[in-house]
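The block underneath contains the structure these notes are about, expressed in structure tokens.
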Amino acid sequence: MREGAGRWPLVGRGPETDLFTEALADRRCRGFVVGGAAGVGKSRLAEECGDRAAA
């Protein structure tokens, strides 16, 4: 994803990003779901996970 203006900073999501990193390293894992109520930052978290997967 793009960096800079228009992108919200990722704050307070260490546990969630750690879980994603573990899932990404697990060759048995075939997916990862980001869920929650409206407005809690799901899209931003999903962007970060996508960036980590691409790296």
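By order of appearance in the structure tokens: chains A, B, ..., then residues from 1 within every chain, and ligands from 1 in the order shown.
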
(Q) DSSP on the backbone: which residues in chain A end up as alpha helix (DSSP H)? Give the answer as a VMD selection string. (A) chain A and resid 14 to 25 42 to 54

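Shell of stretch 34-43 of chain A at 12 Å, with only C-alpha atoms counted and residues fewer than 3 places along the chain excluded, is Met1, Arg7, Trp8, Pro9, Leu10, Val11, Gly12, Arg13, Glu16, Thr17, Leu19, Phe20, Gly31, Ala46, Glu47, Glu48, Cys49 and Gly50 of chain A.
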
Selected residues written out with all heavy atoms, as a compact mmCIF listing (two decimals), in the first residue's frame:
```txt
# COMPACT_ATOMS: atom_id res chain seq x y z
N MET A 1 0.83 -1.19 0.00
CA MET A 1 0.00 0.00 0.00
C MET A 1 0.88 1.25 0.00
O MET A 1 2.02 1.21 0.35
CB MET A 1 -0.86 0.02 1.26
CG MET A 1 -2.14 -0.75 1.17
SD MET A 1 -3.25 0.21 0.17
CE MET A 1 -4.28 -1.00 -0.48
N ARG A 7 -2.97 7.98 4.75
CA ARG A 7 -2.87 6.67 5.39
C ARG A 7 -2.81 6.85 6.89
O ARG A 7 -1.95 7.55 7.40
CB ARG A 7 -1.62 5.95 4.91
CG ARG A 7 -1.58 4.53 5.41
CD ARG A 7 -0.62 3.73 4.61
NE ARG A 7 -0.73 2.36 5.03
CZ ARG A 7 0.07 1.42 4.61
NH1 ARG A 7 1.03 1.71 3.77
NH2 ARG A 7 -0.07 0.19 5.02
N TRP A 8 -3.72 6.22 7.59
CA TRP A 8 -3.77 6.31 9.04
C TRP A 8 -2.58 5.57 9.65
O TRP A 8 -2.21 4.49 9.18
CB TRP A 8 -5.05 5.69 9.57
CG TRP A 8 -6.26 6.50 9.27
CD1 TRP A 8 -7.10 6.35 8.21
CD2 TRP A 8 -6.74 7.61 10.01
NE1 TRP A 8 -8.08 7.29 8.25
CE2 TRP A 8 -7.90 8.08 9.35
CE3 TRP A 8 -6.32 8.26 11.16
CZ2 TRP A 8 -8.63 9.17 9.81
CZ3 TRP A 8 -7.06 9.34 11.62
CH2 TRP A 8 -8.18 9.78 10.96
N PRO A 9 -2.00 6.11 10.72
CA PRO A 9 -0.92 5.37 11.40
C PRO A 9 -1.51 4.15 12.10
O PRO A 9 -2.67 4.16 12.53
CB PRO A 9 -0.38 6.38 12.41
CG PRO A 9 -1.48 7.37 12.62
CD PRO A 9 -2.27 7.40 11.34
N LEU A 10 -0.72 3.12 12.18
CA LEU A 10 -1.16 1.91 12.87
C LEU A 10 -0.70 2.01 14.32
O LEU A 10 0.49 1.98 14.60
CB LEU A 10 -0.56 0.67 12.20
CG LEU A 10 -1.10 -0.66 12.70
CD1 LEU A 10 -2.59 -0.79 12.34
CD2 LEU A 10 -0.34 -1.81 12.09
N VAL A 11 -1.65 2.12 15.23
CA VAL A 11 -1.34 2.33 16.64
C VAL A 11 -2.06 1.28 17.48
O VAL A 11 -3.24 1.01 17.26
CB VAL A 11 -1.80 3.75 17.09
CG1 VAL A 11 -1.54 3.97 18.57
CG2 VAL A 11 -1.10 4.81 16.27
N GLY A 12 -1.35 0.69 18.43
CA GLY A 12 -1.98 -0.22 19.38
C GLY A 12 -2.42 -1.55 18.78
O GLY A 12 -3.34 -2.18 19.30
N ARG A 13 -1.81 -1.96 17.70
CA ARG A 13 -2.21 -3.22 17.07
C ARG A 13 -1.11 -4.26 17.11
O ARG A 13 -1.09 -5.18 16.29
CB ARG A 13 -2.62 -2.96 15.61
CG ARG A 13 -3.90 -2.16 15.46
CD ARG A 13 -5.05 -2.91 16.12
NE ARG A 13 -6.32 -2.28 15.85
CZ ARG A 13 -7.29 -2.84 15.16
NH1 ARG A 13 -7.14 -4.04 14.67
NH2 ARG A 13 -8.40 -2.20 14.95
N GLU A 16 -2.31 -7.97 17.29
CA GLU A 16 -2.92 -8.42 16.05
C GLU A 16 -1.87 -8.63 14.96
O GLU A 16 -1.93 -9.62 14.22
CB GLU A 16 -3.97 -7.41 15.57
CG GLU A 16 -5.19 -7.34 16.46
CD GLU A 16 -5.06 -6.36 17.61
OE1 GLU A 16 -3.94 -5.86 17.88
OE2 GLU A 16 -6.08 -6.10 18.25
N THR A 17 -0.92 -7.71 14.85
CA THR A 17 0.11 -7.87 13.83
C THR A 17 1.04 -9.03 14.17
O THR A 17 1.53 -9.71 13.27
CB THR A 17 0.90 -6.57 13.60
OG1 THR A 17 1.46 -6.12 14.83
CG2 THR A 17 0.02 -5.50 12.99
N LEU A 19 0.05 -11.81 15.67
CA LEU A 19 -0.71 -13.00 15.26
C LEU A 19 -0.64 -13.20 13.75
O LEU A 19 -0.49 -14.32 13.27
CB LEU A 19 -2.18 -12.87 15.68
CG LEU A 19 -2.48 -13.15 17.14
CD1 LEU A 19 -3.94 -12.80 17.44
CD2 LEU A 19 -2.21 -14.60 17.47
N PHE A 20 -0.74 -12.10 13.01
CA PHE A 20 -0.64 -12.22 11.56
C PHE A 20 0.74 -12.72 11.14
O PHE A 20 0.86 -13.59 10.28
CB PHE A 20 -0.95 -10.89 10.86
CG PHE A 20 -0.78 -11.00 9.37
CD1 PHE A 20 -1.72 -11.65 8.61
CD2 PHE A 20 0.35 -10.51 8.75
CE1 PHE A 20 -1.56 -11.80 7.24
CE2 PHE A 20 0.53 -10.64 7.39
CZ PHE A 20 -0.44 -11.29 6.63
N GLY A 31 -5.24 -18.86 5.47
CA GLY A 31 -6.01 -17.62 5.46
C GLY A 31 -5.94 -16.90 6.79
O GLY A 31 -5.47 -17.46 7.79
N ALA A 46 -5.82 -4.51 7.82
CA ALA A 46 -5.70 -5.37 6.64
C ALA A 46 -4.63 -4.84 5.68
O ALA A 46 -3.87 -5.62 5.10
CB ALA A 46 -7.04 -5.48 5.93
N GLU A 47 -4.54 -3.51 5.54
CA GLU A 47 -3.48 -2.92 4.71
C GLU A 47 -2.10 -3.28 5.25
O GLU A 47 -1.20 -3.65 4.49
CB GLU A 47 -3.61 -1.40 4.67
CG GLU A 47 -4.76 -0.88 3.87
CD GLU A 47 -4.90 0.63 3.99
OE1 GLU A 47 -4.14 1.26 4.78
OE2 GLU A 47 -5.76 1.19 3.29
N GLU A 48 -1.95 -3.17 6.54
CA GLU A 48 -0.66 -3.50 7.17
C GLU A 48 -0.32 -4.97 6.97
O GLU A 48 0.82 -5.32 6.67
CB GLU A 48 -0.70 -3.16 8.66
CG GLU A 48 0.60 -3.40 9.38
CD GLU A 48 1.73 -2.48 8.95
OE1 GLU A 48 1.46 -1.38 8.44
OE2 GLU A 48 2.90 -2.86 9.13
N CYS A 49 -1.32 -5.84 7.14
CA CYS A 49 -1.08 -7.27 6.93
C CYS A 49 -0.69 -7.54 5.48
O CYS A 49 0.23 -8.33 5.22
CB CYS A 49 -2.33 -8.06 7.31
SG CYS A 49 -2.68 -8.08 9.08
N GLY A 50 -1.35 -6.89 4.56
CA GLY A 50 -1.00 -7.06 3.15
C GLY A 50 0.41 -6.60 2.86
O GLY A 50 1.15 -7.25 2.11
```

Q | Atom-to-atom span, atom CA of A:Asp26 and atom CA of A:Leu45, Å | A |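 Atom CA of A:Leu45 lies 19.4 Å from atom CA of A:Asp26.
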
(Q) Report, in Å with one decimal, the straight-line distance from atom CA of A:Arg52 to atom CA of A:Arg28. (A) 17.9 Å
